[in-house]
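Contents: one structure, followed by commentary.
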Amino acid sequence: MENSQLSRGQFLKQLGLSSGALMAFYCLGTVTACTSSNEEPSPTGTNNSGNNTGGNTSTKVDFTLDLTTADFSKLKTEGNYVYKDKIIVANIKGGTFVALSKACTHEGTDVQYRLSQNDFFCPNHGSEFSTTGAVEKSPAAKALTLYKTELDSSGNKLRVFEG
Ligand code: FES
């Protein structure tokens, strides 16, 4: 028996066939020996499912303060302000609302609203900002970011958002 197999292999070698061709040739005669060798799923390791690149870092500011709650009811009074996340929201002179980034652009200290000056003041090194966030006094050199505010018809829900 071995002789016949060897002779067949030698015969094929003489024909110069590759090993793949040899397999194909053998498959013609012995089907059972070849069924698994040709089924290569080859997933190649590039599974993209669930591959969240995390590139969506631009989460826009958009929240609503409930002015009936203990945390925010003080905003109903002119001159008062609250912090919410990275933002200062103030009821400024004249009774309108202003929302600015709270971190002083000098070294990041939280700014405060001053009704008497109608401005935003940094207690750390004395920078001052207008009610639109513009620098009025150094050492800060860059404006605060201004956000939009919108009070609903009930006067109790104040939305702060990026335009
Ligand atoms: S951190 Fe505000 S003036 Fe320096």
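Letters for chains follow the order of the structure tokens (A, B, ...), residue numbers begin at 1 for each chain, and ligand numbers begin at 1 in the order shown.
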Residues within 8 Å of ligand 1 should be enumerated using only C-alpha atoms and all ligand atoms and returned as an mmCIF file with N, CA and C atoms, in the first residue's frame.
data_model
loop_
_atom_site.group_PDB
_atom_site.id
_atom_site.type_symbol
_atom_site.label_atom_id
_atom_site.label_comp_id
_atom_site.auth_asym_id
_atom_site.auth_seq_id
_atom_site.Cartn_x
_atom_site.Cartn_y
_atom_site.Cartn_z
ATOM 1 N N ALA A 103 -14.213 79.162 35.480
ATOM 2 C CA ALA A 103 -12.776 79.118 35.758
ATOM 3 C C ALA A 103 -12.073 80.336 35.176
ATOM 4 N N CYS A 104 -11.498 81.113 36.049
ATOM 5 C CA CYS A 104 -10.708 82.256 35.601
ATOM 6 C C CYS A 104 -9.673 81.781 34.587
ATOM 7 N N THR A 105 -9.525 82.557 33.531
ATOM 8 C CA THR A 105 -8.611 82.138 32.467
ATOM 9 C C THR A 105 -7.149 82.386 32.823
ATOM 10 N N HIS A 106 -6.932 82.944 34.008
ATOM 11 C CA HIS A 106 -5.545 83.113 34.446
ATOM 12 C C HIS A 106 -5.031 81.798 35.032
ATOM 13 N N GLU A 107 -5.606 81.402 36.173
ATOM 14 C CA GLU A 107 -5.145 80.140 36.771
ATOM 15 C C GLU A 107 -6.275 79.239 37.222
ATOM 16 N N GLY A 108 -7.476 79.551 36.785
ATOM 17 C CA GLY A 108 -8.564 78.596 36.985
ATOM 18 C C GLY A 108 -9.399 78.746 38.238
ATOM 19 N N THR A 109 -9.169 79.776 39.016
ATOM 20 C CA THR A 109 -9.996 79.985 40.211
ATOM 21 C C THR A 109 -11.435 80.322 39.802
ATOM 22 N N ASP A 110 -12.391 79.903 40.606
ATOM 23 C CA ASP A 110 -13.793 80.220 40.312
ATOM 24 C C ASP A 110 -14.042 81.718 40.445
ATOM 25 N N VAL A 111 -14.631 82.291 39.424
ATOM 26 C CA VAL A 111 -14.956 83.708 39.486
ATOM 27 C C VAL A 111 -16.269 83.892 40.241
ATOM 28 N N PHE A 121 -15.612 88.669 39.028
ATOM 29 C CA PHE A 121 -14.346 88.988 39.684
ATOM 30 C C PHE A 121 -13.647 87.708 40.117
ATOM 31 N N CYS A 122 -12.334 87.673 39.942
ATOM 32 C CA CYS A 122 -11.562 86.526 40.420
ATOM 33 C C CYS A 122 -10.851 86.926 41.709
ATOM 34 N N PRO A 123 -11.156 86.242 42.803
ATOM 35 C CA PRO A 123 -10.569 86.611 44.088
ATOM 36 C C PRO A 123 -9.099 86.235 44.213
ATOM 37 N N ASN A 124 -8.584 85.499 43.274
ATOM 38 C CA ASN A 124 -7.215 85.019 43.411
ATOM 39 C C ASN A 124 -6.182 86.114 43.123
ATOM 40 N N HIS A 125 -6.254 86.687 41.927
ATOM 41 C CA HIS A 125 -5.299 87.761 41.592
ATOM 42 C C HIS A 125 -6.004 89.008 41.079
ATOM 43 N N GLY A 126 -7.314 89.028 41.216
ATOM 44 C CA GLY A 126 -8.041 90.267 40.934
ATOM 45 C C GLY A 126 -8.472 90.511 39.501
ATOM 46 N N SER A 127 -8.460 89.504 38.682
ATOM 47 C CA SER A 127 -8.950 89.722 37.317
ATOM 48 C C SER A 127 -10.440 90.059 37.338
ATOM 49 N N GLU A 128 -10.833 90.851 36.369
ATOM 50 C CA GLU A 128 -12.246 91.208 36.257
ATOM 51 C C GLU A 128 -12.728 90.954 34.848
ATOM 52 N N SER A 138 -6.539 92.605 33.983
ATOM 53 C CA SER A 138 -5.615 91.481 34.006
ATOM 54 C C SER A 138 -5.358 91.052 35.464
ATOM 55 N N PRO A 139 -4.647 89.978 35.724
ATOM 56 C CA PRO A 139 -3.737 89.283 34.805
ATOM 57 C C PRO A 139 -4.390 88.335 33.791
ATOM 58 N N ALA A 140 -5.671 88.019 33.948
ATOM 59 C CA ALA A 140 -6.287 87.166 32.930
ATOM 60 C C ALA A 140 -6.206 87.876 31.579
#
For stretch 143-156 of chain A, work out the shell of residues within 8 Å, counting only C-alpha atoms and skipping chain neighbours fewer than 5 positions away, then give it as a list in words.
Asp66, Leu67, Thr68, Phe97, Val98, Ala99, Leu100, Ser101, Lys102, Ala103, Cys104, Thr105, Phe129, Thr132, Gly133, Ala134, Val135, Phe161, Glu162 and Gly163 of chain A
Measure the distance from atom CA of A:Thr59 to atom CA of A:Glu136 in Å and round it to one decimal.
29.2 Å
What separates atom CA of A:Thr77 and atom CA of A:Ser130 is a distance of 19.6 Å
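Between atom CA of A:Leu65 and atom CA of A:Ile87 there is a distance of 12.0 Å.
Residues in contact range of A:Gly79, defined as at most 8 Å between only C-alpha atoms, with sequence neighbours fewer than 4 positions away removed, read Ala90, Asn91, Ile92, Lys93, Tyr113, Arg114 and Leu115 of chain A.
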Just write the chosen residues, N, CA and C atoms, as a compact mmCIF listing (two decimals), in the first residue's frame.
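Dumped to result16.txt:
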# COMPACT_ATOMS: atom_id res chain seq x y z
N ALA A 90 -25.53 83.58 36.89
CA ALA A 90 -25.81 84.71 37.77
C ALA A 90 -27.06 85.45 37.32
N ASN A 91 -27.78 85.96 38.32
CA ASN A 91 -28.87 86.89 38.05
C ASN A 91 -28.25 88.27 38.19
N ILE A 92 -27.94 88.87 37.07
CA ILE A 92 -27.15 90.10 37.10
C ILE A 92 -28.05 91.33 37.23
N LYS A 93 -27.40 92.45 37.36
CA LYS A 93 -28.08 93.74 37.53
C LYS A 93 -29.13 93.90 36.43
N TYR A 113 -19.72 86.72 40.92
CA TYR A 113 -20.43 87.88 40.37
C TYR A 113 -20.52 88.97 41.44
N ARG A 114 -20.31 90.21 41.02
CA ARG A 114 -20.42 91.34 41.95
C ARG A 114 -21.50 92.29 41.44
N LEU A 115 -22.57 92.36 42.18
CA LEU A 115 -23.68 93.22 41.77
C LEU A 115 -23.27 94.69 41.77
Choose the residue, out of A:Glu78, A:Val89, A:Lys137, A:Thr131, that has the smallest atom-to-atom separation from A:Thr64; count only C-alpha atoms.
A:Val89
Please identify which residues in stretch 82-132 of chain A DSSP calls strand (DSSP E) from the backbone, and express them as a PyMOL selection string.
chain A and resi 82-84+87-92+96-101+112-114+119-121+128-129
Any chance you can output those residues with N, CA, C and O atoms as an mmCIF file, in the first residue's frame?
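Ended up saving to part39.cif:
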data_model
loop_
_atom_site.group_PDB
_atom_site.id
_atom_site.type_symbol
_atom_site.label_atom_id
_atom_site.label_comp_id
_atom_site.auth_asym_id
_atom_site.auth_seq_id
_atom_site.Cartn_x
_atom_site.Cartn_y
_atom_site.Cartn_z
ATOM 1 N N VAL A 82 -24.885 80.950 41.130
ATOM 2 C CA VAL A 82 -24.631 79.553 41.517
ATOM 3 C C VAL A 82 -23.589 78.979 40.553
ATOM 4 O O VAL A 82 -23.363 79.520 39.466
ATOM 5 N N TYR A 83 -22.998 77.900 41.002
ATOM 6 C CA TYR A 83 -22.097 77.146 40.133
ATOM 7 C C TYR A 83 -22.787 75.849 39.739
ATOM 8 O O TYR A 83 -23.391 75.188 40.583
ATOM 9 N N LYS A 84 -22.674 75.525 38.511
ATOM 10 C CA LYS A 84 -23.188 74.241 38.024
ATOM 11 C C LYS A 84 -22.136 73.674 37.075
ATOM 12 O O LYS A 84 -21.872 74.249 36.022
ATOM 13 N N ILE A 87 -19.679 75.951 35.106
ATOM 14 C CA ILE A 87 -20.310 77.214 34.721
ATOM 15 C C ILE A 87 -20.809 77.990 35.936
ATOM 16 O O ILE A 87 -21.277 77.406 36.916
ATOM 17 N N ILE A 88 -20.697 79.322 35.850
ATOM 18 C CA ILE A 88 -21.317 80.186 36.847
ATOM 19 C C ILE A 88 -22.551 80.808 36.199
ATOM 20 O O ILE A 88 -22.486 81.301 35.065
ATOM 21 N N VAL A 89 -23.664 80.714 36.910
ATOM 22 C CA VAL A 89 -24.908 81.293 36.417
ATOM 23 C C VAL A 89 -25.308 82.381 37.403
ATOM 24 O O VAL A 89 -25.393 82.131 38.612
ATOM 25 N N ALA A 90 -25.526 83.583 36.886
ATOM 26 C CA ALA A 90 -25.809 84.712 37.766
ATOM 27 C C ALA A 90 -27.062 85.446 37.317
ATOM 28 O O ALA A 90 -27.353 85.530 36.112
ATOM 29 N N ASN A 91 -27.777 85.965 38.315
ATOM 30 C CA ASN A 91 -28.874 86.887 38.053
ATOM 31 C C ASN A 91 -28.253 88.274 38.187
ATOM 32 O O ASN A 91 -28.003 88.753 39.290
ATOM 33 N N ILE A 92 -27.944 88.873 37.070
ATOM 34 C CA ILE A 92 -27.153 90.104 37.098
ATOM 35 C C ILE A 92 -28.050 91.332 37.235
ATOM 36 O O ILE A 92 -29.272 91.231 37.197
ATOM 37 N N THR A 96 -31.522 89.992 34.659
ATOM 38 C CA THR A 96 -31.360 89.009 33.585
ATOM 39 C C THR A 96 -30.302 87.983 33.987
ATOM 40 O O THR A 96 -29.492 88.222 34.894
ATOM 41 N N PHE A 97 -30.315 86.884 33.284
ATOM 42 C CA PHE A 97 -29.402 85.799 33.629
ATOM 43 C C PHE A 97 -28.202 85.767 32.681
ATOM 44 O O PHE A 97 -28.330 86.017 31.482
ATOM 45 N N VAL A 98 -27.068 85.450 33.280
ATOM 46 C CA VAL A 98 -25.845 85.291 32.500
ATOM 47 C C VAL A 98 -25.176 83.997 32.933
ATOM 48 O O VAL A 98 -25.124 83.687 34.132
ATOM 49 N N ALA A 99 -24.668 83.265 31.965
ATOM 50 C CA ALA A 99 -23.920 82.037 32.259
ATOM 51 C C ALA A 99 -22.560 82.132 31.577
ATOM 52 O O ALA A 99 -22.455 82.388 30.383
ATOM 53 N N LEU A 100 -21.522 81.943 32.378
ATOM 54 C CA LEU A 100 -20.147 82.016 31.877
ATOM 55 C C LEU A 100 -19.357 80.818 32.406
ATOM 56 O O LEU A 100 -19.717 80.242 33.449
ATOM 57 N N SER A 101 -18.281 80.498 31.723
ATOM 58 C CA SER A 101 -17.379 79.498 32.295
ATOM 59 C C SER A 101 -16.839 80.071 33.596
ATOM 60 O O SER A 101 -16.475 81.238 33.672
ATOM 61 N N GLN A 112 -16.518 85.141 40.656
ATOM 62 C CA GLN A 112 -17.720 85.473 41.413
ATOM 63 C C GLN A 112 -18.404 86.662 40.746
ATOM 64 O O GLN A 112 -17.735 87.506 40.136
ATOM 65 N N TYR A 113 -19.722 86.716 40.917
ATOM 66 C CA TYR A 113 -20.429 87.877 40.375
ATOM 67 C C TYR A 113 -20.522 88.966 41.439
ATOM 68 O O TYR A 113 -20.785 88.679 42.616
ATOM 69 N N ARG A 114 -20.311 90.209 41.019
ATOM 70 C CA ARG A 114 -20.421 91.339 41.949
ATOM 71 C C ARG A 114 -21.500 92.291 41.440
ATOM 72 O O ARG A 114 -21.314 92.941 40.395
ATOM 73 N N ASP A 119 -20.013 92.948 37.481
ATOM 74 C CA ASP A 119 -18.968 92.241 36.743
ATOM 75 C C ASP A 119 -18.657 90.903 37.410
ATOM 76 O O ASP A 119 -19.235 90.560 38.444
ATOM 77 N N PHE A 120 -17.767 90.174 36.815
ATOM 78 C CA PHE A 120 -17.308 88.904 37.390
ATOM 79 C C PHE A 120 -15.859 89.089 37.822
ATOM 80 O O PHE A 120 -15.028 89.615 37.060
ATOM 81 N N PHE A 121 -15.612 88.669 39.028
ATOM 82 C CA PHE A 121 -14.346 88.988 39.684
ATOM 83 C C PHE A 121 -13.647 87.708 40.117
ATOM 84 O O PHE A 121 -14.276 86.768 40.611
ATOM 85 N N GLU A 128 -10.833 90.851 36.369
ATOM 86 C CA GLU A 128 -12.246 91.208 36.257
ATOM 87 C C GLU A 128 -12.728 90.954 34.848
ATOM 88 O O GLU A 128 -11.994 91.182 33.869
ATOM 89 N N PHE A 129 -13.983 90.532 34.779
ATOM 90 C CA PHE A 129 -14.589 90.210 33.473
ATOM 91 C C PHE A 129 -15.945 90.896 33.378
ATOM 92 O O PHE A 129 -16.666 91.036 34.383
#
